[in-house]
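Engineer: Next up is a structure, given as C-alpha cells.
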Amino acid sequence: MLILASSSPRRRELLEIARIPFVIETAPVDESPRAEESAAQLTQRLARDKVLAIADKFPSDFILGADTVVVINHAAEGAEVLGKPNGPSDAARMLRALSGRGHQVVTGVCLLSSVAGAAPARRMRTEAVSTTVNMATISEIEISAYVATGEPLDKAGAYAIQGMASRWITGIDGCYYNVVGLPLPVVYAWLVAEGLV
C-alpha cells in the first residue's frame, strides 16, 4: 500500500488523477530551513522527515513524502527561497517579488520502500526536481484582489499555477506537475520500479 505523508490537497488530487491508489497519514514536521541549505537540500530533507515521522507506524508499506519551495535568484543578494506565506501581507510581498520575472519551483520527493522477506529492510529514494516558471507583471490591484481570494495563503511562493494565477504564467520549462506540488513522472517511475503500479 502507498501512504502519502502529506496533507496537501494538490498532491492528493495529482495521485488521484494518475489513478495511483493511496491513503493519507501525516505527522507534524518542523519545516524551518537550516543555514546554508540549498532549496534542493531543504525540500529533500523535509520530504524525508515527513516520511520518517510515520515510518514506524507503517513498517510494511511504501511511504511518499514531498515538499515544494519557490526560488528567486537575485543578482546581488543570491537566491531567496520562498515557502508558504505567513499571512496576506507576506503573500503580497512574495507576489511582488515574482512579478515580471522567472523563478524556479523545486520539489523534493522521498519514497520509503519495504523489502519483503524474513528481515524486512527499508530502502529510500530521494530526488529534487526543478521547473522554471516565467510570470508576467502583476499590478498592485491584481495582487490585492488575488490575495483577498485566499488562494495564495497555503501555497509555496503564494500562487497556484493551476488556479487563478494561471493567467499570469507566460511559460514554463520543466514538469508542470512539479509546480503544482508533485513531479508525477518521477514518482510514477519509482512506483513502477517497486511493482506498486
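Chain identifiers are assigned as A, B, and so on, following the order in which chains appear in the C-alpha cells; residues are numbered from 1 within each chain, and ligands are numbered from 1 in order of appearance.
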Show me a table, sorted first by chain and then by increasing residue number, of the residues of range 38-96 of chain A having an atom at most 9 Å from range 6-24 of chain A, each with its shortest atom pair and the distance in Å to one decimal, counting only C-alpha atoms and written as a Markdown table.
Structural biologist:
| residue | atom | partner | partner_atom | distance |
| --- | --- | --- | --- | --- |
| A:Ala47 | CA | A:Ser6 | CA | 8.9 |
| A:Lys50 | CA | A:Ser6 | CA | 7.4 |
| A:Val51 | CA | A:Ser6 | CA | 8.9 |
| A:Leu64 | CA | A:Ser6 | CA | 8.1 |
| A:Gly65 | CA | A:Ser6 | CA | 6.2 |
| A:Ala66 | CA | A:Ser6 | CA | 7.0 |
| A:Asp67 | CA | A:Ser6 | CA | 8.5 |
Engineer: Please report, as CSV, each residue of range 20-127 of chain A lying at most 8 Å from range 187-195 of chain A, together with the nearest pair of atoms and the separation in Å rounded to one decimal; use only C-alpha atoms, and order rows by chain and ascending residue number.
Structural biologist:
residue,atom,partner,partner_atom,distance
A:Val109,CA,A:Val187,CA,7.9
A:Leu111,CA,A:Trp190,CA,7.9
A:Ser113,CA,A:Glu194,CA,7.9
Engineer: Between A:Ala53, A:Ala158, A:Leu2, A:Val29, which one has atoms that come closest to Asp90 in chain A, using only C-alpha atoms?
Structural biologist: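 Closest candidate: A:Ala158.
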Engineer: Kindly provide the residues of range 39-74 of chain A that approach range 124-148 of chain A to within 9 Å, each paired with its closest atom pair and their distance in Å to one decimal, based on only C-alpha atoms, listed by chain and increasing number, as CSV.
Structural biologist:
residue,atom,partner,partner_atom,distance
A:Ala39,CA,A:Ala128,CA,8.6
A:Ala40,CA,A:Ala128,CA,5.4
A:Gln41,CA,A:Ala128,CA,7.9
A:Thr43,CA,A:Ala128,CA,7.0
A:Gln44,CA,A:Ala128,CA,6.2
A:Arg45,CA,A:Thr126,CA,8.9
A:Ala47,CA,A:Thr126,CA,8.2
A:Arg48,CA,A:Thr126,CA,7.6
Engineer: Which one is closest to Thr68 in chain A: A:Gly108, A:Pro33, A:Pro88, A:Gly102? Count only C-alpha atoms.
Structural biologist: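 Ranking A:Gly108, A:Pro33, A:Pro88, A:Gly102 by distance to Thr68 in chain A, first place goes to A:Gly108.
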Engineer: As an exercise, work out the distance from CA of Thr149 in chain A to CA of Val71 in chain A in Å and give it to one decimal place.
Structural biologist: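 Between these atoms lies a distance of 23.5 Å.
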Engineer: Which of these residues is nearest to Leu4 in chain A, using only C-alpha atoms: A:Ser38, A:Phe58, A:Leu98, A:Ile169?
Structural biologist: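 Of the candidates, the smallest distance to Leu4 in chain A is held by A:Phe58.
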Engineer: Among the residues of range 47-172 of chain A, find those DSSP assigns to strand (DSSP E) from the backbone and print them as an mmCIF file with N, CA, C and O atoms, in the first residue's frame.
Structural biologist:
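And here's out-v7.cif as it stands now:
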data_model
loop_
_atom_site.group_PDB
_atom_site.id
_atom_site.type_symbol
_atom_site.label_atom_id
_atom_site.label_comp_id
_atom_site.auth_asym_id
_atom_site.auth_seq_id
_atom_site.Cartn_x
_atom_site.Cartn_y
_atom_site.Cartn_z
ATOM 1 N N PHE A 62 4.724 1.358 1.624
ATOM 2 C CA PHE A 62 5.523 2.361 0.925
ATOM 3 C C PHE A 62 5.015 3.736 1.357
ATOM 4 O O PHE A 62 3.802 3.956 1.403
ATOM 5 N N ILE A 63 5.937 4.634 1.658
ATOM 6 C CA ILE A 63 5.544 5.957 2.145
ATOM 7 C C ILE A 63 6.154 7.024 1.240
ATOM 8 O O ILE A 63 7.367 7.001 0.980
ATOM 9 N N LEU A 64 5.309 7.944 0.772
ATOM 10 C CA LEU A 64 5.738 9.014 -0.125
ATOM 11 C C LEU A 64 5.614 10.357 0.576
ATOM 12 O O LEU A 64 4.568 10.691 1.116
ATOM 13 N N GLY A 65 6.693 11.127 0.577
ATOM 14 C CA GLY A 65 6.687 12.476 1.127
ATOM 15 C C GLY A 65 7.151 13.461 0.072
ATOM 16 O O GLY A 65 7.883 13.098 -0.856
ATOM 17 N N ALA A 66 6.741 14.711 0.209
ATOM 18 C CA ALA A 66 7.147 15.747 -0.741
ATOM 19 C C ALA A 66 7.115 17.107 -0.065
ATOM 20 O O ALA A 66 6.373 17.323 0.895
ATOM 21 N N ASP A 67 7.921 18.016 -0.587
ATOM 22 C CA ASP A 67 7.904 19.397 -0.117
ATOM 23 C C ASP A 67 8.307 20.296 -1.281
ATOM 24 O O ASP A 67 9.186 19.935 -2.066
ATOM 25 N N THR A 68 7.651 21.460 -1.384
ATOM 26 C CA THR A 68 7.872 22.369 -2.511
ATOM 27 C C THR A 68 8.226 23.758 -2.022
ATOM 28 O O THR A 68 7.609 24.255 -1.067
ATOM 29 N N VAL A 69 9.196 24.390 -2.691
ATOM 30 C CA VAL A 69 9.532 25.793 -2.450
ATOM 31 C C VAL A 69 9.712 26.497 -3.785
ATOM 32 O O VAL A 69 9.861 25.857 -4.834
ATOM 33 N N VAL A 70 9.700 27.822 -3.729
ATOM 34 C CA VAL A 70 9.952 28.663 -4.901
ATOM 35 C C VAL A 70 11.265 29.395 -4.659
ATOM 36 O O VAL A 70 11.528 29.851 -3.546
ATOM 37 N N VAL A 71 12.083 29.498 -5.702
ATOM 38 C CA VAL A 71 13.394 30.135 -5.578
ATOM 39 C C VAL A 71 13.505 31.290 -6.567
ATOM 40 O O VAL A 71 13.274 31.109 -7.764
ATOM 41 N N ILE A 72 13.853 32.460 -6.033
ATOM 42 C CA ILE A 72 14.118 33.634 -6.868
ATOM 43 C C ILE A 72 15.622 33.895 -6.803
ATOM 44 O O ILE A 72 16.198 33.964 -5.716
ATOM 45 N N ASN A 73 16.236 34.036 -7.954
ATOM 46 C CA ASN A 73 17.665 34.334 -7.991
ATOM 47 C C ASN A 73 17.856 35.837 -8.184
ATOM 48 O O ASN A 73 17.568 36.373 -9.249
ATOM 49 N N HIS A 74 18.297 36.501 -7.133
ATOM 50 C CA HIS A 74 18.595 37.935 -7.190
ATOM 51 C C HIS A 74 20.053 38.113 -7.595
ATOM 52 O O HIS A 74 20.923 37.423 -7.063
ATOM 53 N N GLY A 78 21.808 36.935 -4.198
ATOM 54 C CA GLY A 78 21.797 35.478 -4.317
ATOM 55 C C GLY A 78 20.370 34.944 -4.314
ATOM 56 O O GLY A 78 19.418 35.665 -4.576
ATOM 57 N N ALA A 79 20.228 33.667 -3.999
ATOM 58 C CA ALA A 79 18.926 33.006 -4.072
ATOM 59 C C ALA A 79 18.088 33.282 -2.825
ATOM 60 O O ALA A 79 18.595 33.275 -1.713
ATOM 61 N N GLU A 80 16.797 33.503 -3.060
ATOM 62 C CA GLU A 80 15.820 33.657 -1.968
ATOM 63 C C GLU A 80 14.817 32.518 -2.085
ATOM 64 O O GLU A 80 14.220 32.315 -3.144
ATOM 65 N N VAL A 81 14.656 31.768 -1.008
ATOM 66 C CA VAL A 81 13.739 30.630 -1.001
ATOM 67 C C VAL A 81 12.420 31.053 -0.365
ATOM 68 O O VAL A 81 12.396 31.567 0.749
ATOM 69 N N LEU A 82 11.339 30.833 -1.100
ATOM 70 C CA LEU A 82 10.000 31.185 -0.620
ATOM 71 C C LEU A 82 9.208 29.918 -0.333
ATOM 72 O O LEU A 82 8.995 29.099 -1.223
ATOM 73 N N GLY A 102 11.309 35.407 -13.999
ATOM 74 C CA GLY A 102 11.325 33.954 -13.914
ATOM 75 C C GLY A 102 11.774 33.500 -12.538
ATOM 76 O O GLY A 102 12.443 34.245 -11.814
ATOM 77 N N HIS A 103 11.398 32.299 -12.173
ATOM 78 C CA HIS A 103 11.816 31.714 -10.903
ATOM 79 C C HIS A 103 11.801 30.197 -11.050
ATOM 80 O O HIS A 103 11.320 29.672 -12.058
ATOM 81 N N GLN A 104 12.344 29.518 -10.052
ATOM 82 C CA GLN A 104 12.354 28.054 -10.055
ATOM 83 C C GLN A 104 11.419 27.532 -8.971
ATOM 84 O O GLN A 104 11.360 28.094 -7.879
ATOM 85 N N VAL A 105 10.718 26.474 -9.316
ATOM 86 C CA VAL A 105 9.932 25.738 -8.324
ATOM 87 C C VAL A 105 10.647 24.414 -8.106
ATOM 88 O O VAL A 105 10.902 23.664 -9.054
ATOM 89 N N VAL A 106 11.026 24.166 -6.865
ATOM 90 C CA VAL A 106 11.787 22.960 -6.521
ATOM 91 C C VAL A 106 10.936 22.099 -5.598
ATOM 92 O O VAL A 106 10.471 22.559 -4.548
ATOM 93 N N THR A 107 10.724 20.857 -5.999
ATOM 94 C CA THR A 107 10.007 19.900 -5.154
ATOM 95 C C THR A 107 10.937 18.743 -4.823
ATOM 96 O O THR A 107 11.516 18.123 -5.727
ATOM 97 N N GLY A 108 11.091 18.485 -3.541
ATOM 98 C CA GLY A 108 11.813 17.309 -3.088
ATOM 99 C C GLY A 108 10.828 16.190 -2.844
ATOM 100 O O GLY A 108 9.757 16.419 -2.263
ATOM 101 N N VAL A 109 11.153 14.993 -3.318
ATOM 102 C CA VAL A 109 10.290 13.832 -3.097
ATOM 103 C C VAL A 109 11.111 12.714 -2.462
ATOM 104 O O VAL A 109 12.316 12.593 -2.697
ATOM 105 N N CYS A 110 10.449 11.933 -1.653
ATOM 106 C CA CYS A 110 11.090 10.810 -0.977
ATOM 107 C C CYS A 110 10.122 9.630 -0.964
ATOM 108 O O CYS A 110 8.942 9.804 -0.652
ATOM 109 N N LEU A 111 10.626 8.463 -1.329
ATOM 110 C CA LEU A 111 9.832 7.237 -1.258
ATOM 111 C C LEU A 111 10.568 6.237 -0.383
ATOM 112 O O LEU A 111 11.706 5.860 -0.666
ATOM 113 N N LEU A 112 9.923 5.841 0.698
ATOM 114 C CA LEU A 112 10.460 4.813 1.587
ATOM 115 C C LEU A 112 9.762 3.503 1.247
ATOM 116 O O LEU A 112 8.540 3.411 1.304
ATOM 117 N N SER A 113 10.566 2.513 0.883
ATOM 118 C CA SER A 113 10.031 1.228 0.460
ATOM 119 C C SER A 113 10.190 0.202 1.559
ATOM 120 O O SER A 113 10.965 0.383 2.488
ATOM 121 N N SER A 114 9.484 -0.880 1.411
ATOM 122 C CA SER A 114 9.643 -2.017 2.299
ATOM 123 C C SER A 114 10.049 -3.203 1.452
ATOM 124 O O SER A 114 9.452 -3.472 0.416
ATOM 125 N N VAL A 115 11.087 -3.894 1.879
ATOM 126 C CA VAL A 115 11.559 -5.063 1.151
ATOM 127 C C VAL A 115 11.066 -6.299 1.882
ATOM 128 O O VAL A 115 11.359 -6.495 3.060
ATOM 129 N N ALA A 121 13.738 -4.828 5.360
ATOM 130 C CA ALA A 121 14.642 -3.676 5.365
ATOM 131 C C ALA A 121 13.993 -2.556 4.571
ATOM 132 O O ALA A 121 13.267 -2.815 3.612
ATOM 133 N N ARG A 122 14.252 -1.331 4.974
ATOM 134 C CA ARG A 122 13.677 -0.195 4.263
ATOM 135 C C ARG A 122 14.684 0.341 3.259
ATOM 136 O O ARG A 122 15.880 0.390 3.524
ATOM 137 N N ARG A 123 14.191 0.780 2.130
ATOM 138 C CA ARG A 123 15.013 1.383 1.086
ATOM 139 C C ARG A 123 14.428 2.770 0.812
ATOM 140 O O ARG A 123 13.207 2.932 0.757
ATOM 141 N N MET A 124 15.278 3.770 0.648
ATOM 142 C CA MET A 124 14.800 5.132 0.471
ATOM 143 C C MET A 124 15.337 5.735 -0.825
ATOM 144 O O MET A 124 16.524 5.624 -1.125
ATOM 145 N N ARG A 125 14.430 6.373 -1.573
ATOM 146 C CA ARG A 125 14.815 7.129 -2.773
ATOM 147 C C ARG A 125 14.461 8.591 -2.510
ATOM 148 O O ARG A 125 13.367 8.874 -2.003
ATOM 149 N N THR A 126 15.349 9.504 -2.880
ATOM 150 C CA THR A 126 15.039 10.932 -2.788
ATOM 151 C C THR A 126 15.525 11.625 -4.046
ATOM 152 O O THR A 126 16.505 11.202 -4.674
ATOM 153 N N GLU A 127 14.826 12.680 -4.405
ATOM 154 C CA GLU A 127 15.216 13.481 -5.568
ATOM 155 C C GLU A 127 14.597 14.865 -5.433
ATOM 156 O O GLU A 127 13.534 15.019 -4.839
ATOM 157 N N ALA A 128 15.287 15.855 -5.995
ATOM 158 C CA ALA A 128 14.731 17.204 -6.089
ATOM 159 C C ALA A 128 14.541 17.522 -7.562
ATOM 160 O O ALA A 128 15.462 17.344 -8.364
ATOM 161 N N VAL A 129 13.353 17.968 -7.907
ATOM 162 C CA VAL A 129 13.016 18.296 -9.299
ATOM 163 C C VAL A 129 12.778 19.794 -9.386
ATOM 164 O O VAL A 129 12.067 20.364 -8.551
ATOM 165 N N SER A 130 13.362 20.428 -10.408
ATOM 166 C CA SER A 130 13.238 21.879 -10.564
ATOM 167 C C SER A 130 12.559 22.228 -11.887
ATOM 168 O O SER A 130 12.864 21.621 -12.917
ATOM 169 N N THR A 131 11.648 23.171 -11.839
ATOM 170 C CA THR A 131 10.952 23.671 -13.025
ATOM 171 C C THR A 131 11.068 25.191 -13.034
ATOM 172 O O THR A 131 10.856 25.829 -12.003
ATOM 173 N N THR A 132 11.399 25.762 -14.178
ATOM 174 C CA THR A 132 11.465 27.219 -14.311
ATOM 175 C C THR A 132 10.101 27.744 -14.746
ATOM 176 O O THR A 132 9.492 27.209 -15.677
ATOM 177 N N VAL A 133 9.632 28.767 -14.054
ATOM 178 C CA VAL A 133 8.331 29.376 -14.349
ATOM 179 C C VAL A 133 8.546 30.859 -14.638
ATOM 180 O O VAL A 133 9.246 31.544 -13.897
ATOM 181 N N ASN A 134 7.960 31.335 -15.729
ATOM 182 C CA ASN A 134 8.024 32.760 -16.067
ATOM 183 C C ASN A 134 6.670 33.392 -15.789
ATOM 184 O O ASN A 134 5.629 32.859 -16.188
ATOM 185 N N MET A 135 6.700 34.525 -15.092
ATOM 186 C CA MET A 135 5.472 35.194 -14.681
ATOM 187 C C MET A 135 5.405 36.603 -15.268
ATOM 188 O O MET A 135 6.401 37.317 -15.283
ATOM 189 N N ILE A 169 0.984 33.233 -15.896
ATOM 190 C CA ILE A 169 2.107 32.356 -16.239
ATOM 191 C C ILE A 169 2.333 32.420 -17.741
ATOM 192 O O ILE A 169 1.502 31.986 -18.532
ATOM 193 N N THR A 170 3.490 32.959 -18.135
ATOM 194 C CA THR A 170 3.783 33.138 -19.562
ATOM 195 C C THR A 170 4.552 31.967 -20.152
ATOM 196 O O THR A 170 4.686 31.875 -21.365
ATOM 197 N N GLY A 171 5.066 31.090 -19.316
ATOM 198 C CA GLY A 171 5.758 29.915 -19.820
ATOM 199 C C GLY A 171 6.420 29.132 -18.699
ATOM 200 O O GLY A 171 6.687 29.674 -17.633
ATOM 201 N N ILE A 172 6.642 27.836 -18.969
ATOM 202 C CA ILE A 172 7.386 27.009 -18.007
ATOM 203 C C ILE A 172 8.383 26.151 -18.771
ATOM 204 O O ILE A 172 8.187 25.844 -19.946
#
Engineer: One decimal, Å: what's the distance from CA of Gly174 in chain A over to CA of Ala5 in chain A, could you say?
Structural biologist: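 Interatomic distance here is 24.4 Å.
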Engineer: Quick one: pull the distance between CA of Pro152 in chain A and CA of Ala27 in chain A, Å, one decimal.
Structural biologist: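 Distance reported for this atom pair: 23.2 Å.
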Engineer: Taking the chain letters and numbering used in this document, name the residues of range 5-169 of chain A that DSSP puts in helix (DSSP H, G or I), as a PyMOL selection string.
Structural biologist: chain A and resi 9-17+39-57+88-98+140-149+151-154+156-158+164-168
